[in-house]
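Report on the following structure.
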Amino acid sequence: MISRLSVTIVRACLREGAGGSPTAVLDEAPLSDDERRRVPVGAGTSHAVFVSVRGSEVSLRFFTAEGELPACGHGTVAALAYLADRAGGAEHRASLDAAGRSFAGWTVREGARFRAVFDPGPVELREPTADERARVLPTLGVTSDTLAPGARVASVGRARLLVPVASRSALAALAPDFGQLRSACDRFGLLGCYVYSVPERSGRIAARMFAPSIGVPEDIANANSTACLAADLAERGITEIAVDMGDSLGSPATITASARPVLRLGGIAEVARPVRELALQQGSWPSSGPGPAPARHGSGRR
């Protein structure tokens, strides 16, 4: 049996109109979780977002090739752009629900693109244990010469390790051992590791997110980890940040976050045309519609 799905590709968290993280967005459909996790593979994206509109409420579900995620920041930006594009008009507001949490999202049309902002929810922060440091940091290639003070374990749904390094060049030089990194993250129940450069005075930061445990060795844009970082830095007096990601993958992305007066996360997105058709056959990987499918995200080739 073959299911045919209409999939919209949204490039989320663009930088100056280019790059961004291609994300598959589609209306809710009667699919099993196994079929859902095949959608991003068939669409050539790292993540897929399933959107269900019921009156004034919008429910979101996020999947990678490994399974469902409780939250996805750049996926939320993509979903907000998708909803605003469909609604038309200059501005759009949505009441969203994901993993049992209700939160607000806002979108403003800027020419052919959309600026989306949302409430990422409360962030939990703690110091990493000595065992977490000892087992995880070497798998990233972070050394005592490049590590900066301030590592944290942060959670906005799932825990991840925030790792500061001394410079953008030290960040760019990282070459993690993904097998060992996955094993270490799985040991401590971590989603992955968000490695970032020490903030500039302007609040500009570079970051890379490594998450092989969810099938994404490196993510083009990881907005929820940026929310975690924003919450951490706010405690140190930095309340506005702009984080550059995706350069190592050839797809520059930027995520913005403000912690004044409350935490808000955002990015600019573009809805691609035309809409893709995806064929899902039970028991096999999906095939795409006419035209070549883009390379699968998380493969290191994006």
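Here's how to read the names in the structure tokens: chain A, B, ... by the order shown, residue numbers from 1 in each chain, ligand numbers from 1 in the order shown.
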
Residue neighbourhood Leu265 of chain A, 7 Å, only C-alpha atoms, exclusion window fewer than 2 positions, as a ChimeraX atom specification: /A:117-120,227,256-258,263

Would you save the residues from that selection as a short mmCIF file (atom, residue, chain, number, x, y, z; two decimals), in the first residue's frame, using N, CA and C atoms?
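Once everything was written out, this is again_25.cif:
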```
data_model
loop_
_atom_site.label_atom_id
_atom_site.label_comp_id
_atom_site.auth_asym_id
_atom_site.auth_seq_id
_atom_site.Cartn_x
_atom_site.Cartn_y
_atom_site.Cartn_z
N VAL A 117 8.79 34.17 15.48
CA VAL A 117 9.26 34.26 16.86
C VAL A 117 8.33 33.42 17.72
N PHE A 118 8.87 32.73 18.71
CA PHE A 118 8.01 31.94 19.59
C PHE A 118 8.61 31.83 20.98
N ASP A 119 7.78 31.37 21.88
CA ASP A 119 8.16 31.13 23.27
C ASP A 119 8.69 29.71 23.40
N PRO A 120 9.99 29.50 23.64
CA PRO A 120 10.52 28.15 23.68
C PRO A 120 10.24 27.40 24.98
N ALA A 227 18.11 28.60 22.48
CA ALA A 227 17.30 29.08 23.60
C ALA A 227 17.95 28.73 24.93
N THR A 256 18.12 33.92 16.26
CA THR A 256 18.17 35.02 17.22
C THR A 256 17.41 34.64 18.48
N ALA A 257 17.85 35.19 19.60
CA ALA A 257 17.18 34.94 20.87
C ALA A 257 17.30 36.17 21.74
N SER A 258 16.23 36.47 22.45
CA SER A 258 16.19 37.59 23.38
C SER A 258 15.67 37.09 24.71
N LEU A 263 12.15 35.14 27.59
CA LEU A 263 12.86 34.44 26.54
C LEU A 263 12.00 34.29 25.29
#
```

With a cut-off of 10 Å, could you pull out the residues of segment 159-269 of chain A touching segment 63-82 of chain A and give me the nearest pair of atoms for each, distance in Å to one decimal, using only C-alpha atoms, ordered by chain and ascending number, as a tab-separated table?
```
residue	atom	partner	partner_atom	distance
A:Leu191	CA	A:Leu69	CA	9.7
A:Pro212	CA	A:Glu66	CA	9.5
A:Ser213	CA	A:Glu66	CA	8.0
A:Ile214	CA	A:Glu66	CA	5.3
A:Gly215	CA	A:Glu66	CA	5.5
A:Val216	CA	A:Thr64	CA	7.9
A:Ile220	CA	A:His74	CA	9.5
A:Ala221	CA	A:His74	CA	6.5
A:Asn222	CA	A:His74	CA	6.2
A:Ala223	CA	A:Gly73	CA	4.4
A:Asn224	CA	A:Gly73	CA	4.7
A:Ser225	CA	A:Gly73	CA	8.1
A:Thr226	CA	A:Gly73	CA	8.7
A:Ala227	CA	A:Gly73	CA	8.5
A:Ile255	CA	A:His74	CA	8.5
A:Leu265	CA	A:Gly73	CA	8.0
A:Gly266	CA	A:Val77	CA	6.9
A:Gly267	CA	A:Val77	CA	6.5
A:Ile268	CA	A:Val77	CA	7.7
A:Ala269	CA	A:Ala81	CA	6.3
```

Okay, now the selection with N, CA, C and O atoms, as a tab-separated table (two decimals), in the first residue's frame?
```tsv
chain	number	residue	atom	x	y	z
A	191	LEU	N	20.74	14.66	24.45
A	191	LEU	CA	20.33	14.80	23.05
A	191	LEU	C	21.55	14.93	22.15
A	191	LEU	O	21.60	14.41	21.04
A	212	PRO	N	24.28	12.88	17.01
A	212	PRO	CA	24.14	11.58	16.35
A	212	PRO	C	23.12	10.67	17.02
A	212	PRO	O	22.60	9.75	16.39
A	213	SER	N	22.81	10.91	18.29
A	213	SER	CA	21.84	10.06	18.99
A	213	SER	C	20.44	10.17	18.41
A	213	SER	O	19.61	9.28	18.62
A	214	ILE	N	20.14	11.27	17.69
A	214	ILE	CA	18.83	11.39	17.04
A	214	ILE	C	18.96	11.29	15.52
A	214	ILE	O	18.07	11.70	14.79
A	215	GLY	N	20.10	10.76	15.06
A	215	GLY	CA	20.27	10.56	13.63
A	215	GLY	C	20.72	11.79	12.88
A	215	GLY	O	20.65	11.83	11.65
A	216	VAL	N	21.22	12.82	13.59
A	216	VAL	CA	21.68	14.05	12.95
A	216	VAL	C	23.10	14.33	13.44
A	216	VAL	O	23.29	15.03	14.43
A	220	ILE	N	22.17	21.79	10.85
A	220	ILE	CA	22.38	23.10	10.25
A	220	ILE	C	22.00	24.20	11.22
A	220	ILE	O	22.74	25.19	11.39
A	221	ALA	N	20.84	24.08	11.85
A	221	ALA	CA	20.36	25.11	12.77
A	221	ALA	C	19.64	24.42	13.93
A	221	ALA	O	18.73	23.64	13.71
A	222	ASN	N	20.06	24.72	15.13
A	222	ASN	CA	19.41	24.12	16.29
A	222	ASN	C	18.93	25.24	17.20
A	222	ASN	O	19.69	25.78	18.01
A	223	ALA	N	17.66	25.58	17.05
A	223	ALA	CA	17.12	26.75	17.75
A	223	ALA	C	16.89	26.48	19.23
A	223	ALA	O	17.12	27.37	20.07
A	224	ASN	N	16.44	25.29	19.61
A	224	ASN	CA	16.19	25.04	21.02
A	224	ASN	C	17.47	25.08	21.85
A	224	ASN	O	17.47	25.52	23.00
A	225	SER	N	18.57	24.61	21.28
A	225	SER	CA	19.85	24.73	21.98
A	225	SER	C	20.26	26.19	22.10
A	225	SER	O	20.87	26.60	23.10
A	226	THR	N	19.91	26.99	21.10
A	226	THR	CA	20.18	28.43	21.18
A	226	THR	C	19.36	29.06	22.29
A	226	THR	O	19.83	29.95	23.00
A	227	ALA	N	18.11	28.60	22.48
A	227	ALA	CA	17.30	29.08	23.60
A	227	ALA	C	17.95	28.73	24.93
A	227	ALA	O	17.97	29.54	25.87
A	255	ILE	N	20.16	32.15	14.04
A	255	ILE	CA	19.04	32.08	14.98
A	255	ILE	C	19.20	33.23	15.97
A	255	ILE	O	20.31	33.48	16.46
A	265	LEU	N	12.56	33.23	20.95
A	265	LEU	CA	13.46	32.61	19.98
A	265	LEU	C	12.92	32.87	18.59
A	265	LEU	O	11.69	32.85	18.38
A	266	GLY	N	13.80	33.11	17.62
A	266	GLY	CA	13.28	33.41	16.29
A	266	GLY	C	14.25	33.15	15.17
A	266	GLY	O	15.42	32.83	15.36
A	267	GLY	N	13.71	33.27	13.95
A	267	GLY	CA	14.50	33.11	12.74
A	267	GLY	C	13.67	33.49	11.54
A	267	GLY	O	12.44	33.64	11.62
A	268	ILE	N	14.33	33.67	10.41
A	268	ILE	CA	13.67	34.01	9.15
A	268	ILE	C	13.57	32.75	8.30
A	268	ILE	O	14.52	31.97	8.21
A	269	ALA	N	12.41	32.54	7.68
A	269	ALA	CA	12.17	31.32	6.91
A	269	ALA	C	11.58	31.65	5.55
A	269	ALA	O	10.93	32.68	5.37
```

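Near segment 192-200 of chain A, within 7 Å and counting only C-alpha atoms, sit A:Arg160, A:Leu161, A:Leu162, A:Val163, A:Pro164, A:Val165, A:Ala166, A:Ser167, A:Arg168, A:Leu171, A:Cys185, A:Gly203, A:Arg204, A:Ile205, A:Ala206, A:Ala207, A:Arg208, A:Met209, A:Phe210, A:Ala211, A:Ser213, A:Ser225, not including residues fewer than 3 positions from it in the same chain.
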
Exercise: Val7 of chain A partners within 9 Å, only C-alpha atoms, chain neighbours under 6 positions left out, as a ChimeraX atom specification: /A:24-27,39,43,275-278

What's the 7 Å shell around Glu91 of chain A, counting only C-alpha atoms, without same-chain residues fewer than 5 positions away, as a PyMOL selection string? chain A and resi 107-109

From segment 227-274 of chain A, collect each residue whose DSSP state is alpha helix (DSSP H) and return the set as an MDAnalysis selection string. chainID A and resid 227:234

Could you save the residues just selected, with all heavy atoms, as a compact mmCIF listing (two decimals), in the first residue's frame?
```
# COMPACT_ATOMS: atom_id res chain seq x y z
N ALA A 227 18.11 28.60 22.48
CA ALA A 227 17.30 29.08 23.60
C ALA A 227 17.95 28.73 24.93
O ALA A 227 17.97 29.54 25.87
CB ALA A 227 15.89 28.48 23.53
N CYS A 228 18.49 27.51 25.02
CA CYS A 228 19.20 27.10 26.24
C CYS A 228 20.39 28.01 26.50
O CYS A 228 20.63 28.44 27.64
CB CYS A 228 19.66 25.66 26.11
SG CYS A 228 18.33 24.43 26.11
N LEU A 229 21.15 28.31 25.45
CA LEU A 229 22.31 29.19 25.60
C LEU A 229 21.87 30.59 26.01
O LEU A 229 22.50 31.22 26.87
CB LEU A 229 23.10 29.24 24.30
CG LEU A 229 24.31 30.17 24.30
CD1 LEU A 229 25.32 29.76 25.36
CD2 LEU A 229 24.95 30.21 22.91
N ALA A 230 20.80 31.08 25.40
CA ALA A 230 20.30 32.42 25.74
C ALA A 230 19.92 32.50 27.22
O ALA A 230 20.20 33.50 27.90
CB ALA A 230 19.11 32.79 24.86
N ALA A 231 19.28 31.47 27.73
CA ALA A 231 18.90 31.46 29.14
C ALA A 231 20.13 31.45 30.04
O ALA A 231 20.18 32.13 31.07
CB ALA A 231 18.02 30.24 29.43
N ASP A 232 21.14 30.69 29.65
CA ASP A 232 22.38 30.64 30.43
C ASP A 232 23.10 31.98 30.41
O ASP A 232 23.52 32.50 31.45
CB ASP A 232 23.27 29.53 29.87
CG ASP A 232 24.56 29.37 30.65
OD1 ASP A 232 24.53 29.51 31.89
OD2 ASP A 232 25.60 29.10 30.03
N LEU A 233 23.23 32.58 29.22
CA LEU A 233 23.95 33.85 29.11
C LEU A 233 23.21 34.99 29.78
O LEU A 233 23.83 35.95 30.26
CB LEU A 233 24.21 34.17 27.63
CG LEU A 233 25.17 33.23 26.90
CD1 LEU A 233 25.30 33.64 25.44
CD2 LEU A 233 26.53 33.19 27.56
N ALA A 234 21.88 34.92 29.82
CA ALA A 234 21.09 35.96 30.48
C ALA A 234 21.47 36.06 31.95
O ALA A 234 21.47 37.17 32.53
CB ALA A 234 19.60 35.69 30.33
```

Which of segment 70-185 of chain A fall in strand (DSSP E or B), as a VMD selection string: chain A and resid 91 to 98 101 to 110 113 to 118 124 to 126 147 152 to 155 159 to 165
